[in-house]
Amino acid sequence: MSDSIKNVAIFGATGMTGQATLPLAVAAGYNVTVLVRDPARLPADHKASRVVVGDVLNKEDVKKTMEGQDAVIIILGTRNDLSPTTVMSQGTQNILDAMKARGIRKVVGCMSAFLLWDKSKIPPRLLAVTADHERMYMVLKECGLDYVAVMPPHIADNQPLTERYTVTEKMVKGRAISKHDLGHFFVKCLSTSEWDGKTVGLCGEYS
């Protein structure tokens with residue numbers, strides 16, 4: 001655990017990757033606050049220190065979540081809804097605004113490896129969601145904070161935590177990362193400045 005970072009807000013904690021990240025952050029010794037629309041989506045045995053019920057698109061809910069925080073992990077998504085959206089970019093903007101108001105510097109944001117690809121190779125059905133990831137990325141890059149922009153490939157639901165994965169700047173060398181290894185990297189970023197201000201891809205080796 002970082003000496004300067006003890007309290008962490010996770011946005012997107014009820015999604016697949018969020019549910020893998022939350023227990024890893026707690027196990028690493030962080031006090032975790034989550035903002036959720038539906039607390040019933042959290043596992044019954046979750047160890048979050050504080051649960052705020054609200055919406056990332058509501059600035060007041062975001063401000064409330066940010067009280068007492070030292071860092072932020074953003075894992076916003078649209079689940080299986082592939083229609084045009086601004087949830088990720090607008091939600092991230094609200095988060096960054098609240099961070100700046102409180103003097104919080106560290107933010108780890110999850111987008112998609114599609115942003116590292118040639119756009120012509122992105123499946124058409126994923127273009128609308130990818131466009132909002134692109135907007136989110138621009139907001140993050142221009143925020144002036146200590147951001148890490150994480151671009152995972154396919155996030156595997158059924159692969160284990162290995163803690164052995166390859167991290168590369170502005171590229172992805174493999175086809176998949178387990179949700180647990182992805183969460184592990186988010187948490188790892190809280191205790192190092194190695195990836196601050198960088199765009200990284202990561203992938204694992206699974207049998």
# chains A, B, ... in the order shown; residues from 1 in each chain; ligands from 1

call {"tool": "closest_atom_pairs", "arguments": {"of": "stretch 61-156 of chain A", "to": "stretch 4-26 of chain A", "cutoff": "8 Å", "atoms": "only C-alpha atoms", "output": "tab-separated table"}}
result
residue	atom	partner	partner_atom	distance
A:Thr65	CA	A:Ala9	CA	7.0
A:Met66	CA	A:Ala9	CA	6.8
A:Gly68	CA	A:Asn7	CA	7.0
A:Gln69	CA	A:Asn7	CA	4.9
A:Asp70	CA	A:Ile5	CA	5.2
A:Ala71	CA	A:Val8	CA	5.0
A:Val72	CA	A:Ala9	CA	4.8
A:Ile73	CA	A:Ile10	CA	4.8
A:Ile74	CA	A:Phe11	CA	5.0
A:Ile75	CA	A:Gly12	CA	4.8
A:Leu76	CA	A:Gly12	CA	4.7
A:Gly77	CA	A:Gly12	CA	7.1
A:Arg79	CA	A:Gly15	CA	7.3
A:Ile155	CA	A:Thr17	CA	8.0

call {"tool": "write_last_selection", "arguments": {"atoms": "N, CA, C and O atoms", "output": "compact mmCIF listing (two decimals), in the first residue's frame"}}
result
# COMPACT_ATOMS: atom_id res chain seq x y z
N THR A 65 -19.01 10.98 -3.11
CA THR A 65 -18.14 9.80 -3.16
C THR A 65 -16.69 10.19 -2.91
O THR A 65 -15.93 9.44 -2.28
N MET A 66 -16.30 11.35 -3.37
CA MET A 66 -14.89 11.77 -3.33
C MET A 66 -14.44 12.28 -1.96
O MET A 66 -13.25 12.49 -1.74
N GLY A 68 -12.85 12.57 1.34
CA GLY A 68 -11.86 11.80 2.08
C GLY A 68 -11.01 10.86 1.25
O GLY A 68 -10.25 10.05 1.80
N GLN A 69 -11.09 10.96 -0.07
CA GLN A 69 -10.35 10.01 -0.93
C GLN A 69 -8.95 10.53 -1.28
O GLN A 69 -8.70 11.74 -1.29
N ASP A 70 -8.06 9.59 -1.57
CA ASP A 70 -6.69 9.91 -1.97
C ASP A 70 -6.42 9.56 -3.43
O ASP A 70 -5.45 10.02 -4.01
N ALA A 71 -7.24 8.68 -4.00
CA ALA A 71 -7.02 8.23 -5.38
C ALA A 71 -8.32 7.64 -5.92
O ALA A 71 -9.26 7.37 -5.16
N VAL A 72 -8.33 7.42 -7.23
CA VAL A 72 -9.54 6.97 -7.91
C VAL A 72 -9.20 5.90 -8.94
O VAL A 72 -8.19 5.99 -9.64
N ILE A 73 -10.08 4.88 -9.03
CA ILE A 73 -10.02 3.90 -10.11
C ILE A 73 -11.34 3.99 -10.87
O ILE A 73 -12.42 3.88 -10.27
N ILE A 74 -11.26 4.20 -12.20
CA ILE A 74 -12.46 4.34 -13.03
C ILE A 74 -12.58 3.12 -13.94
O ILE A 74 -11.73 2.89 -14.80
N ILE A 75 -13.66 2.35 -13.73
CA ILE A 75 -13.90 1.15 -14.55
C ILE A 75 -15.32 1.21 -15.08
O ILE A 75 -16.09 0.26 -14.98
N LEU A 76 -15.68 2.35 -15.63
CA LEU A 76 -17.05 2.54 -16.11
C LEU A 76 -17.28 1.75 -17.39
O LEU A 76 -16.38 1.59 -18.21
N GLY A 77 -18.50 1.26 -17.54
CA GLY A 77 -18.85 0.52 -18.75
C GLY A 77 -20.34 0.61 -19.00
O GLY A 77 -21.08 1.22 -18.22
N ARG A 79 -22.06 -2.36 -19.79
CA ARG A 79 -22.46 -3.77 -19.81
C ARG A 79 -22.62 -4.23 -21.25
O ARG A 79 -21.71 -4.10 -22.04
N ILE A 155 -11.27 -8.92 -21.93
CA ILE A 155 -11.19 -9.17 -20.49
C ILE A 155 -11.84 -10.51 -20.20
O ILE A 155 -13.05 -10.68 -20.39

call {"tool": "residues_around", "arguments": {"residues": "stretch 173-186 of chain A", "least_positions_apart": "2", "cutoff": "10 Å", "atoms": "only C-alpha atoms", "output": "NGL selection string"}}
result
:A and (16-25 or 28 or 72-75 or 107-110 or 113 or 148 or 150-168 or 171 or 188-191 or 201-206)

call {"tool": "atom_distance", "arguments": {"atom1": "atom CA of A:Trp195", "atom2": "atom CA of A:Val56"}}
result
25.3 Å

call {"tool": "select_by_dssp", "arguments": {"residues": "chain A", "states": "strand (DSSP E or B)", "output": "PDB file with N, CA and C atoms, in the first residue's frame"}}
result
ATOM      1  N   ASN A   7      -7.078   5.815   1.000  1.00  0.00           N
ATOM      2  CA  ASN A   7      -8.511   5.769   0.696  1.00  0.00           C
ATOM      3  C   ASN A   7      -8.733   5.891  -0.810  1.00  0.00           C
ATOM      4  N   VAL A   8      -9.433   4.919  -1.372  1.00  0.00           N
ATOM      5  CA  VAL A   8      -9.585   4.840  -2.824  1.00  0.00           C
ATOM      6  C   VAL A   8     -11.059   4.740  -3.201  1.00  0.00           C
ATOM      7  N   ALA A   9     -11.466   5.552  -4.161  1.00  0.00           N
ATOM      8  CA  ALA A   9     -12.825   5.462  -4.700  1.00  0.00           C
ATOM      9  C   ALA A   9     -12.790   4.647  -5.986  1.00  0.00           C
ATOM     10  N   ILE A  10     -13.695   3.677  -6.087  1.00  0.00           N
ATOM     11  CA  ILE A  10     -13.816   2.887  -7.311  1.00  0.00           C
ATOM     12  C   ILE A  10     -15.169   3.193  -7.951  1.00  0.00           C
ATOM     13  N   PHE A  11     -15.126   3.615  -9.198  1.00  0.00           N
ATOM     14  CA  PHE A  11     -16.335   3.859  -9.982  1.00  0.00           C
ATOM     15  C   PHE A  11     -16.467   2.730 -10.988  1.00  0.00           C
ATOM     16  N   ASN A  31      -8.728   1.429   2.061  1.00  0.00           N
ATOM     17  CA  ASN A  31     -10.125   1.649   2.422  1.00  0.00           C
ATOM     18  C   ASN A  31     -10.839   2.070   1.139  1.00  0.00           C
ATOM     19  N   VAL A  32     -11.854   1.307   0.744  1.00  0.00           N
ATOM     20  CA  VAL A  32     -12.482   1.521  -0.562  1.00  0.00           C
ATOM     21  C   VAL A  32     -13.893   2.090  -0.416  1.00  0.00           C
ATOM     22  N   THR A  33     -14.137   3.158  -1.152  1.00  0.00           N
ATOM     23  CA  THR A  33     -15.479   3.732  -1.285  1.00  0.00           C
ATOM     24  C   THR A  33     -15.966   3.450  -2.702  1.00  0.00           C
ATOM     25  N   VAL A  34     -17.218   3.054  -2.833  1.00  0.00           N
ATOM     26  CA  VAL A  34     -17.772   2.790  -4.156  1.00  0.00           C
ATOM     27  C   VAL A  34     -19.042   3.621  -4.356  1.00  0.00           C
ATOM     28  N   LEU A  35     -19.238   4.060  -5.600  1.00  0.00           N
ATOM     29  CA  LEU A  35     -20.487   4.706  -5.999  1.00  0.00           C
ATOM     30  C   LEU A  35     -21.240   3.718  -6.875  1.00  0.00           C
ATOM     31  N   VAL A  36     -22.447   3.345  -6.451  1.00  0.00           N
ATOM     32  CA  VAL A  36     -23.223   2.353  -7.206  1.00  0.00           C
ATOM     33  C   VAL A  36     -24.665   2.838  -7.349  1.00  0.00           C
ATOM     34  N   ARG A  50     -17.213   2.000   2.424  1.00  0.00           N
ATOM     35  CA  ARG A  50     -18.314   2.952   2.286  1.00  0.00           C
ATOM     36  C   ARG A  50     -18.984   2.758   0.938  1.00  0.00           C
ATOM     37  N   VAL A  51     -20.304   2.689   0.947  1.00  0.00           N
ATOM     38  CA  VAL A  51     -21.083   2.538  -0.281  1.00  0.00           C
ATOM     39  C   VAL A  51     -21.960   3.776  -0.442  1.00  0.00           C
ATOM     40  N   VAL A  52     -21.746   4.492  -1.528  1.00  0.00           N
ATOM     41  CA  VAL A  52     -22.575   5.656  -1.851  1.00  0.00           C
ATOM     42  C   VAL A  52     -23.524   5.236  -2.974  1.00  0.00           C
ATOM     43  N   VAL A  53     -24.806   5.437  -2.762  1.00  0.00           N
ATOM     44  CA  VAL A  53     -25.795   5.093  -3.791  1.00  0.00           C
ATOM     45  C   VAL A  53     -26.072   6.338  -4.621  1.00  0.00           C
ATOM     46  N   ALA A  71      -7.239   8.683  -4.001  1.00  0.00           N
ATOM     47  CA  ALA A  71      -7.018   8.226  -5.377  1.00  0.00           C
ATOM     48  C   ALA A  71      -8.316   7.643  -5.917  1.00  0.00           C
ATOM     49  N   VAL A  72      -8.330   7.422  -7.234  1.00  0.00           N
ATOM     50  CA  VAL A  72      -9.544   6.971  -7.910  1.00  0.00           C
ATOM     51  C   VAL A  72      -9.203   5.896  -8.939  1.00  0.00           C
ATOM     52  N   ILE A  73     -10.077   4.882  -9.033  1.00  0.00           N
ATOM     53  CA  ILE A  73     -10.020   3.900 -10.113  1.00  0.00           C
ATOM     54  C   ILE A  73     -11.345   3.988 -10.870  1.00  0.00           C
ATOM     55  N   ILE A  74     -11.261   4.197 -12.197  1.00  0.00           N
ATOM     56  CA  ILE A  74     -12.461   4.337 -13.026  1.00  0.00           C
ATOM     57  C   ILE A  74     -12.583   3.117 -13.938  1.00  0.00           C
ATOM     58  N   LYS A 106      -4.221  11.239  -8.107  1.00  0.00           N
ATOM     59  CA  LYS A 106      -3.994   9.935  -8.764  1.00  0.00           C
ATOM     60  C   LYS A 106      -5.288   9.335  -9.291  1.00  0.00           C
ATOM     61  N   VAL A 107      -5.287   8.992 -10.593  1.00  0.00           N
ATOM     62  CA  VAL A 107      -6.468   8.365 -11.188  1.00  0.00           C
ATOM     63  C   VAL A 107      -6.015   7.300 -12.180  1.00  0.00           C
ATOM     64  N   VAL A 108      -6.613   6.130 -12.073  1.00  0.00           N
ATOM     65  CA  VAL A 108      -6.366   5.030 -12.999  1.00  0.00           C
ATOM     66  C   VAL A 108      -7.667   4.789 -13.756  1.00  0.00           C
ATOM     67  N   GLY A 109      -7.614   4.896 -15.072  1.00  0.00           N
ATOM     68  CA  GLY A 109      -8.831   4.768 -15.877  1.00  0.00           C
ATOM     69  C   GLY A 109      -8.729   3.624 -16.866  1.00  0.00           C
ATOM     70  N   CYS A 110      -9.816   2.854 -16.985  1.00  0.00           N
ATOM     71  CA  CYS A 110      -9.854   1.702 -17.888  1.00  0.00           C
ATOM     72  C   CYS A 110     -10.679   2.028 -19.128  1.00  0.00           C
ATOM     73  N   ASP A 146      -2.254  12.967 -12.248  1.00  0.00           N
ATOM     74  CA  ASP A 146      -1.382  11.792 -12.386  1.00  0.00           C
ATOM     75  C   ASP A 146      -2.240  10.616 -12.854  1.00  0.00           C
ATOM     76  N   TYR A 147      -2.502  10.565 -14.151  1.00  0.00           N
ATOM     77  CA  TYR A 147      -3.400   9.543 -14.684  1.00  0.00           C
ATOM     78  C   TYR A 147      -2.613   8.359 -15.230  1.00  0.00           C
ATOM     79  N   VAL A 148      -3.246   7.192 -15.188  1.00  0.00           N
ATOM     80  CA  VAL A 148      -2.771   6.026 -15.928  1.00  0.00           C
ATOM     81  C   VAL A 148      -3.937   5.588 -16.811  1.00  0.00           C
ATOM     82  N   ALA A 149      -3.728   5.573 -18.122  1.00  0.00           N
ATOM     83  CA  ALA A 149      -4.764   5.163 -19.071  1.00  0.00           C
ATOM     84  C   ALA A 149      -4.515   3.705 -19.446  1.00  0.00           C
ATOM     85  N   VAL A 150      -5.401   2.827 -18.991  1.00  0.00           N
ATOM     86  CA  VAL A 150      -5.211   1.386 -19.172  1.00  0.00           C
ATOM     87  C   VAL A 150      -6.101   0.895 -20.317  1.00  0.00           C
ATOM     88  N   MET A 151      -5.481   0.197 -21.277  1.00  0.00           N
ATOM     89  CA  MET A 151      -6.180  -0.257 -22.484  1.00  0.00           C
ATOM     90  C   MET A 151      -6.109  -1.790 -22.576  1.00  0.00           C
ATOM     91  N   HIS A 154      -9.334  -8.240 -24.765  1.00  0.00           N
ATOM     92  CA  HIS A 154     -10.466  -9.004 -24.231  1.00  0.00           C
ATOM     93  C   HIS A 154     -10.265  -9.266 -22.741  1.00  0.00           C
ATOM     94  N   ILE A 155     -11.273  -8.924 -21.934  1.00  0.00           N
ATOM     95  CA  ILE A 155     -11.188  -9.173 -20.488  1.00  0.00           C
ATOM     96  C   ILE A 155     -11.845 -10.515 -20.201  1.00  0.00           C
ATOM     97  N   ALA A 156     -11.049 -11.474 -19.773  1.00  0.00           N
ATOM     98  CA  ALA A 156     -11.524 -12.843 -19.588  1.00  0.00           C
ATOM     99  C   ALA A 156     -12.155 -13.016 -18.207  1.00  0.00           C
ATOM    100  N   TYR A 165       1.700 -10.711 -15.915  1.00  0.00           N
ATOM    101  CA  TYR A 165       1.139 -10.166 -17.140  1.00  0.00           C
ATOM    102  C   TYR A 165       2.132  -9.162 -17.706  1.00  0.00           C
ATOM    103  N   THR A 166       2.000  -8.906 -18.984  1.00  0.00           N
ATOM    104  CA  THR A 166       2.920  -8.011 -19.681  1.00  0.00           C
ATOM    105  C   THR A 166       2.278  -6.641 -19.841  1.00  0.00           C
ATOM    106  N   VAL A 167       3.003  -5.620 -19.404  1.00  0.00           N
ATOM    107  CA  VAL A 167       2.530  -4.235 -19.521  1.00  0.00           C
ATOM    108  C   VAL A 167       3.409  -3.523 -20.538  1.00  0.00           C
ATOM    109  N   THR A 168       2.802  -2.927 -21.538  1.00  0.00           N
ATOM    110  CA  THR A 168       3.555  -2.252 -22.591  1.00  0.00           C
ATOM    111  C   THR A 168       2.949  -0.890 -22.871  1.00  0.00           C
ATOM    112  N   GLU A 169       3.803   0.069 -23.143  1.00  0.00           N
ATOM    113  CA  GLU A 169       3.304   1.418 -23.389  1.00  0.00           C
ATOM    114  C   GLU A 169       2.788   1.548 -24.815  1.00  0.00           C
ATOM    115  N   ALA A 176      -5.688 -11.269 -24.484  1.00  0.00           N
ATOM    116  CA  ALA A 176      -6.602 -11.320 -23.339  1.00  0.00           C
ATOM    117  C   ALA A 176      -5.881 -10.981 -22.037  1.00  0.00           C
ATOM    118  N   ILE A 177      -6.672 -10.550 -21.077  1.00  0.00           N
ATOM    119  CA  ILE A 177      -6.214 -10.335 -19.702  1.00  0.00           C
ATOM    120  C   ILE A 177      -7.354 -10.780 -18.796  1.00  0.00           C
ATOM    121  N   SER A 178      -7.053 -11.503 -17.734  1.00  0.00           N
ATOM    122  CA  SER A 178      -8.139 -11.906 -16.835  1.00  0.00           C
ATOM    123  C   SER A 178      -8.629 -10.695 -16.047  1.00  0.00           C
ATOM    124  N   LYS A 198       0.932   7.867 -18.542  1.00  0.00           N
ATOM    125  CA  LYS A 198       1.185   6.957 -19.655  1.00  0.00           C
ATOM    126  C   LYS A 198      -0.075   6.202 -20.071  1.00  0.00           C
ATOM    127  N   THR A 199      -0.038   5.733 -21.301  1.00  0.00           N
ATOM    128  CA  THR A 199      -1.094   4.896 -21.867  1.00  0.00           C
ATOM    129  C   THR A 199      -0.525   3.493 -22.006  1.00  0.00           C
ATOM    130  N   VAL A 200      -1.140   2.530 -21.357  1.00  0.00           N
ATOM    131  CA  VAL A 200      -0.558   1.184 -21.330  1.00  0.00           C
ATOM    132  C   VAL A 200      -1.566   0.114 -21.749  1.00  0.00           C
ATOM    133  N   GLY A 201      -1.035  -0.886 -22.427  1.00  0.00           N
ATOM    134  CA  GLY A 201      -1.797  -2.088 -22.726  1.00  0.00           C
ATOM    135  C   GLY A 201      -1.249  -3.203 -21.852  1.00  0.00           C
ATOM    136  N   LEU A 202      -2.061  -4.203 -21.559  1.00  0.00           N
ATOM    137  CA  LEU A 202      -1.545  -5.331 -20.797  1.00  0.00           C
ATOM    138  C   LEU A 202      -2.249  -6.606 -21.223  1.00  0.00           C
ATOM    139  N   CYS A 203      -1.527  -7.706 -21.084  1.00  0.00           N
ATOM    140  CA  CYS A 203      -2.080  -8.988 -21.486  1.00  0.00           C
ATOM    141  C   CYS A 203      -1.427 -10.093 -20.638  1.00  0.00           C
ATOM    142  N   GLY A 204      -2.138 -11.203 -20.525  1.00  0.00           N
ATOM    143  CA  GLY A 204      -1.637 -12.321 -19.745  1.00  0.00           C
ATOM    144  C   GLY A 204      -1.491 -13.560 -20.597  1.00  0.00           C
TER     145      GLY A 204
END

call {"tool": "atom_distance", "arguments": {"atom1": "atom CA of A:Gln90", "atom2": "atom CA of A:Thr130"}}
result
14.1 Å

call {"tool": "residues_around", "arguments": {"residues": "A:Arg135", "least_positions_apart": "2", "cutoff": "9 Å", "atoms": "only C-alpha atoms", "output": "JSON, numbers by chain"}}
result
{"A": [86, 88, 89, 90, 130, 131, 132, 133, 137, 138, 139, 140]}

call {"tool": "write_last_selection", "arguments": {"atoms": "all heavy atoms", "output": "short mmCIF file (atom, residue, chain, number, x, y, z; two decimals), in the first residue's frame"}}
result
data_model
loop_
_atom_site.label_atom_id
_atom_site.label_comp_id
_atom_site.auth_asym_id
_atom_site.auth_seq_id
_atom_site.Cartn_x
_atom_site.Cartn_y
_atom_site.Cartn_z
N THR A 86 -22.57 8.58 -23.66
CA THR A 86 -21.55 9.50 -23.13
C THR A 86 -21.29 9.19 -21.65
O THR A 86 -20.68 9.98 -20.95
CB THR A 86 -21.98 10.97 -23.27
OG1 THR A 86 -23.24 11.15 -22.59
CG2 THR A 86 -22.13 11.37 -24.73
N MET A 88 -19.32 7.10 -20.11
CA MET A 88 -17.93 6.96 -19.68
C MET A 88 -17.18 8.28 -19.73
O MET A 88 -16.46 8.63 -18.79
CB MET A 88 -17.26 5.87 -20.51
CG MET A 88 -17.87 4.50 -20.23
SD MET A 88 -17.44 3.20 -21.40
CE MET A 88 -18.21 3.74 -22.92
N SER A 89 -17.38 9.04 -20.81
CA SER A 89 -16.67 10.32 -20.93
C SER A 89 -17.24 11.36 -19.97
O SER A 89 -16.48 12.06 -19.28
CB SER A 89 -16.72 10.83 -22.36
OG SER A 89 -18.05 10.96 -22.82
N GLN A 90 -18.56 11.46 -19.88
CA GLN A 90 -19.15 12.46 -18.99
C GLN A 90 -18.94 12.07 -17.53
O GLN A 90 -18.66 12.93 -16.69
CB GLN A 90 -20.65 12.60 -19.27
CG GLN A 90 -21.30 13.76 -18.50
CD GLN A 90 -20.64 15.09 -18.78
OE1 GLN A 90 -20.56 15.51 -19.92
NE2 GLN A 90 -20.15 15.76 -17.73
N THR A 130 -16.72 2.51 -28.47
CA THR A 130 -15.31 2.90 -28.62
C THR A 130 -15.17 4.41 -28.77
O THR A 130 -14.23 5.01 -28.26
CB THR A 130 -14.68 2.18 -29.83
OG1 THR A 130 -14.79 0.77 -29.64
CG2 THR A 130 -13.21 2.55 -29.98
N ALA A 131 -16.13 5.04 -29.44
CA ALA A 131 -16.10 6.49 -29.59
C ALA A 131 -16.17 7.19 -28.24
O ALA A 131 -15.50 8.21 -28.01
CB ALA A 131 -17.25 6.95 -30.49
N ASP A 132 -16.95 6.64 -27.30
CA ASP A 132 -17.01 7.27 -25.98
C ASP A 132 -15.75 6.96 -25.18
O ASP A 132 -15.31 7.80 -24.38
CB ASP A 132 -18.27 6.85 -25.21
CG ASP A 132 -18.57 7.84 -24.09
OD1 ASP A 132 -18.49 9.06 -24.35
OD2 ASP A 132 -18.87 7.41 -22.97
N HIS A 133 -15.16 5.78 -25.37
CA HIS A 133 -13.86 5.51 -24.76
C HIS A 133 -12.83 6.52 -25.25
O HIS A 133 -11.98 6.99 -24.48
CB HIS A 133 -13.39 4.09 -25.11
CG HIS A 133 -13.90 3.05 -24.16
ND1 HIS A 133 -14.24 1.78 -24.56
CD2 HIS A 133 -14.09 3.07 -22.81
CE1 HIS A 133 -14.64 1.08 -23.51
NE2 HIS A 133 -14.56 1.85 -22.45
N TYR A 137 -10.77 9.05 -23.01
CA TYR A 137 -9.31 9.10 -23.08
C TYR A 137 -8.81 10.53 -23.23
O TYR A 137 -7.85 10.96 -22.57
CB TYR A 137 -8.85 8.22 -24.24
CG TYR A 137 -7.35 8.13 -24.43
CD1 TYR A 137 -6.49 7.99 -23.34
CD2 TYR A 137 -6.81 8.16 -25.71
CE1 TYR A 137 -5.12 7.88 -23.54
CE2 TYR A 137 -5.44 8.06 -25.90
CZ TYR A 137 -4.60 7.92 -24.81
OH TYR A 137 -3.25 7.81 -25.02
N MET A 138 -9.46 11.30 -24.08
CA MET A 138 -9.04 12.70 -24.28
C MET A 138 -9.22 13.51 -23.00
O MET A 138 -8.35 14.31 -22.63
CB MET A 138 -9.84 13.33 -25.43
CG MET A 138 -9.61 12.68 -26.78
SD MET A 138 -7.86 12.48 -27.21
CE MET A 138 -7.35 14.20 -27.30
N VAL A 139 -10.33 13.29 -22.32
CA VAL A 139 -10.59 13.98 -21.05
C VAL A 139 -9.49 13.63 -20.04
O VAL A 139 -8.98 14.50 -19.32
CB VAL A 139 -11.98 13.58 -20.52
CG1 VAL A 139 -12.15 13.97 -19.07
CG2 VAL A 139 -13.08 14.22 -21.36
N LEU A 140 -9.13 12.36 -20.00
CA LEU A 140 -8.11 11.89 -19.05
C LEU A 140 -6.74 12.48 -19.39
O LEU A 140 -6.02 12.98 -18.51
CB LEU A 140 -8.06 10.36 -19.10
CG LEU A 140 -7.59 9.60 -17.86
CD1 LEU A 140 -8.40 9.97 -16.63
CD2 LEU A 140 -7.69 8.09 -18.12
#

call {"tool": "atom_distance", "arguments": {"atom1": "atom CA of A:Gly29", "atom2": "atom CA of A:Gln93"}}
result
27.6 Å

call {"tool": "closest_residue", "arguments": {"among": "A:His46, A:Leu57, A:Val129, A:Ser207", "to": "A:Ala27", "atoms": "only C-alpha atoms"}}
result
A:His46

call {"tool": "closest_residue", "arguments": {"among": "A:Val187, A:Leu127, A:Tyr30, A:Met99", "to": "A:Lys47", "atoms": "only C-alpha atoms"}}
result
A:Tyr30

call {"tool": "closest_residue", "arguments": {"among": "A:Arg102, A:Arg37, A:Lys141, A:Lys170", "to": "A:Asp55", "atoms": "only C-alpha atoms"}}
result
A:Arg37

call {"tool": "select_by_dssp", "arguments": {"residues": "stretch 5-37 of chain A", "states": "helix (DSSP H, G or I)", "output": "short mmCIF file (atom, residue, chain, number, x, y, z; two decimals) with all heavy atoms, in the first residue's frame"}}
result
data_model
loop_
_atom_site.label_atom_id
_atom_site.label_comp_id
_atom_site.auth_asym_id
_atom_site.auth_seq_id
_atom_site.Cartn_x
_atom_site.Cartn_y
_atom_site.Cartn_z
N MET A 16 -18.13 -6.49 -14.11
CA MET A 16 -17.31 -7.71 -14.01
C MET A 16 -15.92 -7.42 -13.47
O MET A 16 -15.45 -8.05 -12.52
CB MET A 16 -17.22 -8.37 -15.39
CG MET A 16 -16.39 -9.62 -15.42
SD MET A 16 -16.26 -10.33 -17.09
CE MET A 16 -15.02 -9.26 -17.82
N THR A 17 -15.24 -6.45 -14.06
CA THR A 17 -13.88 -6.13 -13.62
C THR A 17 -13.90 -5.41 -12.28
O THR A 17 -13.02 -5.63 -11.43
CB THR A 17 -13.18 -5.26 -14.68
OG1 THR A 17 -13.19 -5.95 -15.93
CG2 THR A 17 -11.74 -4.99 -14.29
N GLY A 18 -14.91 -4.58 -12.06
CA GLY A 18 -15.02 -3.89 -10.78
C GLY A 18 -15.17 -4.85 -9.61
O GLY A 18 -14.56 -4.67 -8.55
N GLN A 19 -15.95 -5.89 -9.81
CA GLN A 19 -16.15 -6.87 -8.74
C GLN A 19 -14.89 -7.68 -8.46
O GLN A 19 -14.72 -8.21 -7.37
CB GLN A 19 -17.31 -7.80 -9.09
CG GLN A 19 -18.66 -7.10 -9.02
CD GLN A 19 -19.83 -8.07 -8.90
OE1 GLN A 19 -19.69 -9.17 -8.43
NE2 GLN A 19 -21.00 -7.62 -9.33
N ALA A 20 -14.00 -7.75 -9.46
CA ALA A 20 -12.70 -8.41 -9.23
C ALA A 20 -11.71 -7.45 -8.59
O ALA A 20 -10.84 -7.87 -7.80
CB ALA A 20 -12.15 -8.93 -10.56
N THR A 21 -11.83 -6.17 -8.89
CA THR A 21 -10.88 -5.17 -8.39
C THR A 21 -11.12 -4.82 -6.93
O THR A 21 -10.17 -4.66 -6.15
CB THR A 21 -10.97 -3.89 -9.25
OG1 THR A 21 -10.74 -4.23 -10.63
CG2 THR A 21 -9.95 -2.85 -8.81
N LEU A 22 -12.37 -4.71 -6.53
CA LEU A 22 -12.72 -4.30 -5.16
C LEU A 22 -12.04 -5.16 -4.10
O LEU A 22 -11.35 -4.63 -3.21
CB LEU A 22 -14.24 -4.28 -5.00
CG LEU A 22 -14.81 -4.05 -3.60
CD1 LEU A 22 -14.27 -2.79 -2.96
CD2 LEU A 22 -16.34 -4.01 -3.65
N PRO A 23 -12.16 -6.50 -4.14
CA PRO A 23 -11.51 -7.30 -3.10
C PRO A 23 -9.98 -7.24 -3.15
O PRO A 23 -9.32 -7.34 -2.11
CB PRO A 23 -12.01 -8.73 -3.36
CG PRO A 23 -12.51 -8.72 -4.76
CD PRO A 23 -12.98 -7.34 -5.04
N LEU A 24 -9.42 -7.03 -4.33
CA LEU A 24 -7.96 -6.91 -4.45
C LEU A 24 -7.47 -5.62 -3.79
O LEU A 24 -6.42 -5.60 -3.14
CB LEU A 24 -7.54 -6.96 -5.92
CG LEU A 24 -7.70 -8.33 -6.60
CD1 LEU A 24 -7.56 -8.18 -8.11
CD2 LEU A 24 -6.70 -9.33 -6.06
N ALA A 25 -8.24 -4.55 -3.95
CA ALA A 25 -7.87 -3.28 -3.31
C ALA A 25 -7.96 -3.39 -1.79
O ALA A 25 -7.08 -2.91 -1.06
CB ALA A 25 -8.78 -2.16 -3.83
N VAL A 26 -9.01 -4.04 -1.32
CA VAL A 26 -9.18 -4.24 0.12
C VAL A 26 -8.06 -5.11 0.67
O VAL A 26 -7.46 -4.82 1.72
CB VAL A 26 -10.56 -4.84 0.43
CG1 VAL A 26 -10.66 -5.23 1.90
CG2 VAL A 26 -11.67 -3.87 0.06
N ALA A 27 -7.73 -6.19 -0.05
CA ALA A 27 -6.67 -7.10 0.40
C ALA A 27 -5.31 -6.40 0.44
O ALA A 27 -4.44 -6.76 1.26
CB ALA A 27 -6.60 -8.31 -0.54
#

call {"tool": "closest_residue", "arguments": {"among": "A:Lys64, A:Arg41, A:Arg105, A:Arg125", "to": "A:Pro84", "atoms": "only C-alpha atoms"}}
result
A:Arg125
